[in-house]
Amino acid sequence: TQRVLTGITTTGTPHLGNYVGAIRPAIAASREPGVESFFFLADYHALIKCDDPARIARSRLEIAATWLAAGLDTDRVTFYAQSDIPEITELNWLLTCVTAKGQMNRAHAYKASVDANTAKGEDPDAGVTMGLYCYPVLMAADILMFNAHRVPVGRDQVQHIEMARDVALRFNHLYGGGKELFVLPEAEIEESVATLPGLDGRKMSKSYDNTVPLFEGGPKALKDAIARIVTDSKLPGEPKDPEGAHLVTIYDAFATAEQRAAFRADLRGGLAWGEAKQRLVDLIEAHVGPMRARYADLVAHPDQIEAVLQAGADKARARATPFLRELRHAVGLRRMV
Ligand code: TYM
């Protein structure tokens with residue numbers, strides 16, 4: 001069997017980038033024969049970026065409801081909250097002890113903070129917590145705990161998965177005694193949507209405030225967000241260049257090959273940007289509308305979602321507990337008699 005695993009940090013409402021980059025390919029992979037899947041709320045990771053408890057709690061609910069509304073089948077998929085699996089934080093420590101500090105210095109998220117501080121002439125580590133610094137180790141623990149082979153993610157997570165491989169290699173080398181304790185995970189990227197652009201053309205991201213919400217706010221929020229997509233200043237009737245227009249890239253993420261060709265032809269023929277935006281709204285709404293109805297129902301029943309997560313945590317721990325025992329034994333933490 002191939003194991004597929006991915007998670008989403010619970011710091012905001014899911015956006016189109018999360019959906020096309022991770023949720024959609026992950027659910028598709030979970031339906032392949034012979035695949036076993038593990039999808040989770042990365043709620044310990046959320047604490048690194050957010051110290052607003054109400055926001056974390058709300059985001060946990062929204063992200064859980066999103067996975068379920070998007071078609072995750074809880075009979076086939078082990079679906080849980082990271083914070084319900086204490087074995088993950090315990091493994092985090094075992095991995096921390098074999099992770100080179102120099103490697104963490106090179107992690108994108110940490111480096112971005114250092115670069116921004118340096119540019120402002122501040123202490124390079126201003127505002128950097130140990131959580132942020134060690135973020136990739138916790139992510140490695142998420143992946144290695146279940147010995148995942150495939151990790152469907154957007155491009156921004158590739159470096160983290162490479163780091164997880166490195167940590168796994170080192171641990172195997174030190175403690176495997178010739179045996180592969182950890183599988184070496186691989187990022188699974190869908191090239192066409194690996195970095196979905198946001199409203200301003202940069203990567204769609206909570207931290208850039210340029211996202212299009214997947215379900216929250218209903219069709220109106222979708223329409224309002226899409227109205228804010230930046231386009232060039234060509235007038236209605238003037239031919240538009242579809243290549244390089246991020247509105248078109250977002251359209252492509254939801255369109256069939258035929259729809260893509262027709263949209264391009266119409267833009268070259270002078271379709272107004274306003275109409276192009278309406279076509280984008282209609283296309284996305286056709287995809288997400290039916291799911292949104294399920295989402296609304298789920299969000300209104302947090303008790304049911306909690307029950308699903310608890311059942312998922314039980315399934316996950318049934319795997320994690322014996323494996324962690326094996327790992328503790330491998331590093332020498334054994335009963336003496
Ligand atoms: P997060 O919460 O930032 O994003 C969740 C998933 O959405 C993808 N994504 C995108 N894909 C395409 N285009 C975009 N604009 C875009 N924005 C976000 C991300 O690549 C990601 O796949 N560290 C992770 C969460 C995590 C995790 C893990 C993932 C924790 N442990 C173990 C995989 C395996 C994160 O913060 O993703």
# chains A, B, ... in the order shown; residues from 1 in each chain; ligands from 1
>>> residues_near_ligand(ligand="ligand 1", cutoff="6 Å", atoms="only C-alpha atoms and all ligand atoms", output="mmCIF file with C-alpha atoms, in the first residue's frame")
data_model
loop_
_atom_site.group_PDB
_atom_site.id
_atom_site.type_symbol
_atom_site.label_atom_id
_atom_site.label_comp_id
_atom_site.auth_asym_id
_atom_site.auth_seq_id
_atom_site.Cartn_x
_atom_site.Cartn_y
_atom_site.Cartn_z
ATOM 1 C CA THR A 6 -1.332 16.044 4.069
ATOM 2 C CA GLY A 7 -2.383 18.797 6.489
ATOM 3 C CA ILE A 8 -3.576 22.384 6.558
ATOM 4 C CA THR A 9 -2.627 24.948 9.191
ATOM 5 C CA GLY A 17 -5.158 27.848 -3.255
ATOM 6 C CA ASN A 18 -5.602 25.337 -0.414
ATOM 7 C CA GLY A 21 -3.085 22.769 -4.311
ATOM 8 C CA ALA A 22 -3.868 20.282 -1.555
ATOM 9 C CA ALA A 42 -2.218 21.167 11.582
ATOM 10 C CA MET A 139 6.131 18.915 9.992
ATOM 11 C CA ASP A 142 3.576 14.741 11.045
ATOM 12 C CA ILE A 143 4.748 12.952 7.927
ATOM 13 C CA VAL A 153 0.972 19.939 -1.423
ATOM 14 C CA GLY A 154 1.470 23.254 -3.184
ATOM 15 C CA ARG A 155 4.951 24.321 -4.237
ATOM 16 C CA ASP A 156 5.559 26.374 -1.055
ATOM 17 C CA GLN A 157 5.785 23.153 0.998
ATOM 18 C CA VAL A 193 -1.815 24.675 -9.823
ATOM 19 C CA ALA A 194 1.316 24.357 -7.682
ATOM 20 C CA THR A 195 1.254 28.093 -6.968
ATOM 21 C CA LEU A 196 -2.202 29.488 -7.546
ATOM 22 C CA PRO A 197 -1.971 33.290 -7.835
ATOM 23 C CA LYS A 203 0.911 33.504 -4.536
ATOM 24 C CA MET A 204 -2.552 33.271 -2.993
ATOM 25 C CA SER A 205 -1.791 33.364 0.702
#
>>> select_by_dssp(residues="stretch 113-263 of chain A", states="strand (DSSP E)", output="tab-separated table (two decimals) with C-alpha atoms, in the first residue's frame")
chain	number	residue	atom	x	y	z
A	150	ARG	CA	3.24	10.70	-0.94
A	151	VAL	CA	2.49	14.20	0.33
A	152	PRO	CA	0.18	16.25	-1.94
A	186	GLU	CA	7.95	12.62	-1.58
A	187	ALA	CA	6.09	15.81	-2.36
A	188	GLU	CA	3.34	15.37	-4.91
>>> closest_residue(among="A:Phe171, A:Leu327, A:Ile161, A:Lys49", to="A:Ile189", atoms="only C-alpha atoms")
A:Ile161
>>> residues_around(residues="stretch 31-37 of chain A", least_positions_apart="6", cutoff="8 Å", atoms="only C-alpha atoms", output="ChimeraX atom specification")
/A:1-5,76-78
>>> write_last_selection(atoms="C-alpha atoms", output="compact mmCIF listing (two decimals), in the first residue's frame")
# COMPACT_ATOMS: atom_id res chain seq x y z
CA THR A 1 0.00 0.00 0.00
CA GLN A 2 0.94 3.59 -0.65
CA ARG A 3 0.30 6.02 2.17
CA VAL A 4 -0.80 9.57 1.31
CA LEU A 5 -0.74 12.31 3.95
CA ARG A 76 -11.34 5.32 3.81
CA VAL A 77 -9.37 8.25 5.21
CA THR A 78 -7.92 8.68 8.68
>>> select_by_dssp(residues="stretch 53-158 of chain A", states="alpha helix (DSSP H)", output="JSON, numbers by chain")
{"A": [53, 54, 55, 56, 57, 58, 59, 60, 61, 62, 63, 64, 65, 66, 67, 68, 69, 86, 87, 88, 89, 90, 91, 92, 93, 94, 95, 96, 101, 102, 103, 104, 105, 108, 109, 110, 111, 112, 113, 114, 115, 116, 117, 118, 119, 130, 131, 132, 133, 135, 136, 137, 138, 139, 140, 141, 142, 143, 144, 145, 158]}
>>> residues_around(residues="A:Gly71", least_positions_apart="4", cutoff="10 Å", atoms="only C-alpha atoms", output="ChimeraX atom specification")
/A:23-24,27-28,66-67,291,294
>>> closest_atom_pairs(of="stretch 136-197 of chain A", to="stretch 105-124 of chain A", cutoff="9 Å", atoms="only C-alpha atoms", output="JSON lines")
{"residue": "A:Pro136", "atom": "CA", "partner": "A:Ala107", "partner_atom": "CA", "distance": 7.5}
{"residue": "A:Asp156", "atom": "CA", "partner": "A:His108", "partner_atom": "CA", "distance": 8.8}
{"residue": "A:Gln159", "atom": "CA", "partner": "A:Ala107", "partner_atom": "CA", "distance": 7.5}
{"residue": "A:His160", "atom": "CA", "partner": "A:Ala107", "partner_atom": "CA", "distance": 7.6}
{"residue": "A:Met163", "atom": "CA", "partner": "A:Ala107", "partner_atom": "CA", "distance": 8.7}
>>> residues_around(residues="A:Arg264", least_positions_apart="6", cutoff="12 Å", atoms="only C-alpha atoms", output="list of chain:residue names")
A:Pro239, A:Lys240, A:Asp241, A:Pro242, A:Glu243, A:Gly244, A:Ala245, A:Leu247, A:Val248, A:Thr249, A:Tyr251, A:Asp252, A:Ala255, A:Ala257, A:Glu258, A:Gly270, A:Leu271, A:Ala276
>>> residues_around(residues="A:Ala69", least_positions_apart="3", cutoff="9 Å", atoms="only C-alpha atoms", output="ChimeraX atom specification")
/A:64-66,72,290-296,298
>>> write_last_selection(atoms="N, CA and C atoms", output="mmCIF file, in the first residue's frame")
data_model
loop_
_atom_site.group_PDB
_atom_site.id
_atom_site.type_symbol
_atom_site.label_atom_id
_atom_site.label_comp_id
_atom_site.auth_asym_id
_atom_site.auth_seq_id
_atom_site.Cartn_x
_atom_site.Cartn_y
_atom_site.Cartn_z
ATOM 1 N N ALA A 64 -11.970 21.667 9.112
ATOM 2 C CA ALA A 64 -12.525 20.313 9.210
ATOM 3 C C ALA A 64 -13.770 20.199 8.332
ATOM 4 N N ALA A 65 -14.665 21.182 8.421
ATOM 5 C CA ALA A 65 -15.900 21.140 7.623
ATOM 6 C C ALA A 65 -15.570 21.177 6.137
ATOM 7 N N THR A 66 -14.526 21.897 5.778
ATOM 8 C CA THR A 66 -14.147 21.989 4.364
ATOM 9 C C THR A 66 -13.729 20.629 3.817
ATOM 10 N N LEU A 72 -14.307 14.128 1.418
ATOM 11 C CA LEU A 72 -13.470 13.162 2.133
ATOM 12 C C LEU A 72 -14.357 12.059 2.709
ATOM 13 N N PRO A 290 -22.420 23.254 -4.723
ATOM 14 C CA PRO A 290 -22.994 22.073 -4.049
ATOM 15 C C PRO A 290 -22.227 21.705 -2.771
ATOM 16 N N MET A 291 -20.910 21.888 -2.801
ATOM 17 C CA MET A 291 -20.129 21.570 -1.599
ATOM 18 C C MET A 291 -20.432 22.579 -0.493
ATOM 19 N N ARG A 292 -20.677 23.832 -0.889
ATOM 20 C CA ARG A 292 -20.907 24.866 0.119
ATOM 21 C C ARG A 292 -22.141 24.580 0.947
ATOM 22 N N ALA A 293 -23.154 23.987 0.316
ATOM 23 C CA ALA A 293 -24.373 23.646 1.049
ATOM 24 C C ALA A 293 -24.034 22.636 2.152
ATOM 25 N N ARG A 294 -23.233 21.640 1.813
ATOM 26 C CA ARG A 294 -22.827 20.653 2.831
ATOM 27 C C ARG A 294 -21.980 21.315 3.914
ATOM 28 N N TYR A 295 -21.106 22.225 3.469
ATOM 29 C CA TYR A 295 -20.217 22.943 4.397
ATOM 30 C C TYR A 295 -21.037 23.693 5.449
ATOM 31 N N ALA A 296 -22.056 24.423 4.981
ATOM 32 C CA ALA A 296 -22.869 25.233 5.899
ATOM 33 C C ALA A 296 -23.522 24.336 6.951
ATOM 34 N N LEU A 298 -22.433 21.407 7.980
ATOM 35 C CA LEU A 298 -21.405 20.869 8.877
ATOM 36 C C LEU A 298 -20.959 21.902 9.909
#
